[in-house]
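Undergrad: Mind having a look at this structure? Questions to follow.
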Amino acid sequence: MSLKSSWHWLAPRLTIRDLLSTPNQTGDSQRPCLAEVESLGDRLLMSASVEVPAPAPETIVTTLLKASIGTTGATDSILANGLALYKAAGSLEGVNAVKLNQFSHKLTDSLLKIDTIFFKFADDLIKGEVTGIKYNKALGAYNDELLKLDKLISDFGGTGENNPLYAQKIKLEKTAGDLWESYKLFGAGAKVDSKVELVFHKLTDDFLDVEGGLLKLGDDTIAKTNKGSNKGDIEYLKIKLEDVLISSYKVSDSDLKAELLGYINAATEMENSLIGAPGNGGGEGGGVIGGVIVLLADVDDVIT
C-alpha cells in the first residue's frame with residue numbers, strides 16, 4: 001500500500017487547520033486541545049511499513065477505559081467531562097425548557113458518536129486490523145464530531161470562556177487528545193487467539209453500552225426530558241453493568257480483572273451522582289448500585 005494514497009483522508013484535519021489559522025474574531029485564545037490533536041497529522045501513522053510496538057489487548061483496553069471512564073473519583077475522563085456538560089447546562093437559569101431538551105438530546109448523540117469512534121478503533125486494534133488509512137479515517141471522523149460539538153455548545157451558551165460549558169468542553173477535548181496520542185504509539189495490534197479476541201470484543205462492547213446508558217441517564221435526568229422519571233434508564237444500566245461485570249470475569253488476568261472492577265465502580269459512582277442531581281426526585285437508583293454491589297460480592301473471590 002502506497003503511503004501517498006492515504007493523504008486523501010486528511011481533508012477533515014485540513015478543515016481544522018484552516019479554522020485554527022483564521023484570525024479569531026471573538027478575541028478568544030486558540031484551543032490547545034485541537035492543536036494537540038492536529039499535531040498528529042501530516043504523518044501516516046501505524047502503517048505496516050512503520051515499525052512500532054504491537055500492543056497486547058490488555059494494554060489497548062486499559063488505555064481506552066482510563067481515558068474514557070477513568071477511575072473512581074476521577075473527574076478528567078471523557079465521560080466525566082461529558083456528564084459535567086449536562087449538569088452545567090441544567091444549572092443555567094432562564095433557559096427555555098424546549099431549547100434545553102433539544103440541546104441535551106443533541107449533546108447525547110454527539111458524545112456517543114465520539115465514544116463510539118474511540119471504542120471501535122480499540123476493537124480494530126485488538127483484532128490487529130488497524131492501518132495508517134484506518135487511523136487517519138478514525139481521526140478525521142473524530143475531528144468532524146468535535147467541530148459539531150463545538151458548534152452545538154456555542155449555539156447553546158455562546159462563544160468563548162463566557163460560555164459556562166466552555167471549561168468542561170476544553171477538558172473533554174484535552175483527555176480525548178491525550179488518548180489519540182496514546183493510540184498513535186500503538187502498532188496495528190498483536191494477532192491473538194480468536195477466543196481471546198472475542199472476550200475483549202465483548203468487553204469493549206459492554207463498556208460502550210454502559211457509557212451510552214450513562215449519557216442517556218444524563219440526558220433524561222439533567223434536562224428532565226422524561227418528566228423526572230429515570231426508571232427505564234436505571235433498569236437499562238443495571239442490565240449493562242451486570243453484562244460488563246460478567247465480561248470482566250471472563251478475562252484471565254487477575255490484575256486486569258481488578259483494574260476493570262475499578263472502572264465499573266467509577267461508572268456506578270457516576271450513575272449515583274446523576275441520580276442525586278437536583279430536580280431528579282432522587283432515590284430511584286439505590287437498587288442499581290446495590291444490585292451491582294451484590295454481584296461484586298458474589299464473584300469477588302473469583303475476580304480478585
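Each chain in the C-alpha cells gets a letter, A, B and so on, in the order shown; residues start at 1 in every chain, and ligands are counted from 1 in the order they appear.
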What's around His201 (chain A) at 12 Å? Count only C-alpha atoms, leave out sequence neighbours fewer than 3 positions away in its own chain, and write the answer as a ChimeraX atom specification.
TA: /A:57-58,60-61,119-127,192,194-198,204-208,244,247-248,250-251
Undergrad: If you run DSSP over the backbone, which residues in region 114-259 of chain A end up helix (DSSP H, G or I)? Put them as number ranges by chain.
TA: A: 114-127, 132-157, 160-162, 166-184, 194-222, 231-249, 254-259
Undergrad: Suppose we keep C-alpha atoms; can you now write the selection as a CSV table (one decimal), in the first residue's frame?
TA:
```
chain,number,residue,atom,x,y,z
A,114,ILE,CA,-17.3,10.4,19.9
A,115,ASP,CA,-17.2,7.4,22.3
A,116,THR,CA,-18.1,5.0,19.5
A,117,ILE,CA,-15.1,6.2,17.4
A,118,PHE,CA,-12.7,5.5,20.2
A,119,PHE,CA,-14.2,2.1,21.1
A,120,LYS,CA,-14.4,1.0,17.5
A,121,PHE,CA,-10.8,1.9,17.0
A,122,ALA,CA,-9.8,0.0,20.1
A,123,ASP,CA,-11.7,-3.0,18.8
A,124,ASP,CA,-9.9,-2.8,15.5
A,125,LEU,CA,-6.6,-2.7,17.4
A,126,ILE,CA,-7.5,-5.8,19.3
A,127,LYS,CA,-8.3,-7.6,16.0
A,132,GLY,CA,-2.5,4.1,8.5
A,133,ILE,CA,-5.6,4.7,6.4
A,134,LYS,CA,-7.9,3.5,9.2
A,135,TYR,CA,-6.1,5.7,11.7
A,136,ASN,CA,-6.5,8.7,9.5
A,137,LYS,CA,-10.1,7.9,8.8
A,138,ALA,CA,-10.9,7.5,12.5
A,139,LEU,CA,-9.1,10.7,13.5
A,140,GLY,CA,-10.9,12.6,10.7
A,141,ALA,CA,-14.3,11.3,11.9
A,142,TYR,CA,-13.4,12.4,15.5
A,143,ASN,CA,-12.4,15.9,14.3
A,144,ASP,CA,-15.7,16.2,12.4
A,145,GLU,CA,-17.6,15.3,15.5
A,146,LEU,CA,-15.6,17.7,17.6
A,147,LEU,CA,-16.4,20.5,15.3
A,148,LYS,CA,-20.1,19.6,15.6
A,149,LEU,CA,-19.8,19.6,19.4
A,150,ASP,CA,-18.1,23.0,19.3
A,151,LYS,CA,-21.0,24.5,17.3
A,152,LEU,CA,-23.6,22.8,19.4
A,153,ILE,CA,-22.2,24.2,22.6
A,154,SER,CA,-21.5,27.7,21.1
A,155,ASP,CA,-25.1,27.9,19.8
A,156,PHE,CA,-26.4,27.0,23.2
A,157,GLY,CA,-24.3,29.0,25.5
A,160,GLY,CA,-15.5,31.5,24.3
A,161,GLU,CA,-14.9,31.5,28.0
A,162,ASN,CA,-18.2,33.3,28.8
A,166,TYR,CA,-16.6,26.1,27.8
A,167,ALA,CA,-14.3,24.8,30.6
A,168,GLN,CA,-15.7,21.3,30.6
A,169,LYS,CA,-15.6,21.1,26.8
A,170,ILE,CA,-11.9,22.0,26.8
A,171,LYS,CA,-11.2,19.3,29.5
A,172,LEU,CA,-13.0,16.7,27.4
A,173,GLU,CA,-11.0,17.7,24.3
A,174,LYS,CA,-7.8,17.5,26.2
A,175,THR,CA,-8.4,14.0,27.5
A,176,ALA,CA,-9.6,12.8,24.1
A,177,GLY,CA,-6.5,14.4,22.5
A,178,ASP,CA,-4.3,12.5,25.0
A,179,LEU,CA,-6.0,9.2,24.1
A,180,TRP,CA,-5.2,9.9,20.4
A,181,GLU,CA,-1.6,10.5,21.5
A,182,SER,CA,-1.6,7.0,23.1
A,183,TYR,CA,-3.2,5.4,20.1
A,184,LYS,CA,-0.6,6.8,17.7
A,194,SER,CA,-9.9,-15.9,18.3
A,195,LYS,CA,-11.3,-16.8,21.7
A,196,VAL,CA,-9.3,-14.2,23.4
A,197,GLU,CA,-10.3,-11.7,20.8
A,198,LEU,CA,-13.9,-12.5,21.4
A,199,VAL,CA,-13.6,-11.9,25.1
A,200,PHE,CA,-12.1,-8.5,24.6
A,201,HIS,CA,-14.5,-7.6,21.9
A,202,LYS,CA,-17.4,-8.3,24.2
A,203,LEU,CA,-15.7,-6.4,27.0
A,204,THR,CA,-15.3,-3.2,24.9
A,205,ASP,CA,-18.8,-3.6,23.6
A,206,ASP,CA,-20.3,-3.9,27.1
A,207,PHE,CA,-18.3,-0.9,28.4
A,208,LEU,CA,-19.6,1.2,25.5
A,209,ASP,CA,-23.1,0.2,26.3
A,210,VAL,CA,-22.6,1.3,29.9
A,211,GLU,CA,-21.3,4.7,28.7
A,212,GLY,CA,-24.2,5.1,26.4
A,213,GLY,CA,-26.6,4.3,29.3
A,214,LEU,CA,-24.9,6.9,31.5
A,215,LEU,CA,-25.2,9.5,28.7
A,216,LYS,CA,-28.9,8.7,28.3
A,217,LEU,CA,-29.4,9.0,32.1
A,218,GLY,CA,-27.6,12.3,32.0
A,219,ASP,CA,-29.9,13.5,29.2
A,220,ASP,CA,-33.2,12.4,31.0
A,221,THR,CA,-32.1,13.5,34.4
A,222,ILE,CA,-30.4,16.8,33.9
A,231,LYS,CA,-36.6,4.3,35.9
A,232,GLY,CA,-36.2,3.0,32.4
A,233,ASP,CA,-32.6,4.4,32.2
A,234,ILE,CA,-31.7,2.9,35.5
A,235,GLU,CA,-33.1,-0.6,34.6
A,236,TYR,CA,-31.1,-0.4,31.4
A,237,LEU,CA,-27.9,0.5,33.3
A,238,LYS,CA,-28.5,-2.3,35.8
A,239,ILE,CA,-28.5,-4.8,32.9
A,240,LYS,CA,-25.5,-3.3,31.2
A,241,LEU,CA,-23.5,-3.1,34.4
A,242,GLU,CA,-24.2,-6.8,35.1
A,243,ASP,CA,-23.1,-7.6,31.5
A,244,VAL,CA,-19.8,-5.8,31.8
A,245,LEU,CA,-19.2,-7.4,35.2
A,246,ILE,CA,-19.6,-10.8,33.6
A,247,SER,CA,-17.4,-9.8,30.7
A,248,SER,CA,-14.7,-8.7,33.1
A,249,TYR,CA,-15.0,-12.0,35.0
A,254,SER,CA,-6.3,-11.3,37.7
A,255,ASP,CA,-4.6,-7.9,37.8
A,256,LEU,CA,-6.7,-6.8,34.8
A,257,LYS,CA,-9.9,-8.1,36.4
A,258,ALA,CA,-9.1,-5.9,39.4
A,259,GLU,CA,-8.5,-2.9,37.2
```
Undergrad: Between CA of Glu269 (chain A) and CA of Gly73 (chain A), what is the distance, to one decimal in Å?
TA: 7.8 Å
Undergrad: Using only C-alpha atoms, which of A:Thr62, A:Ser91, A:Thr108, A:Ser252 sits nearest Leu79 (chain A)?
TA: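 When distances to Leu79 (chain A) are compared using only C-alpha atoms, the smallest one comes from A:Thr108.
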Undergrad: If you measure from CA of Tyr263 (chain A) to CA of Thr71 (chain A), what distance in Å do you get, rounded to one decimal?
TA: 5.4 Å
Undergrad: Please measure the separation of CA of Gly158 (chain A) and CA of Leu107 (chain A), giving the value in Å to one decimal.
TA: 15.3 Å
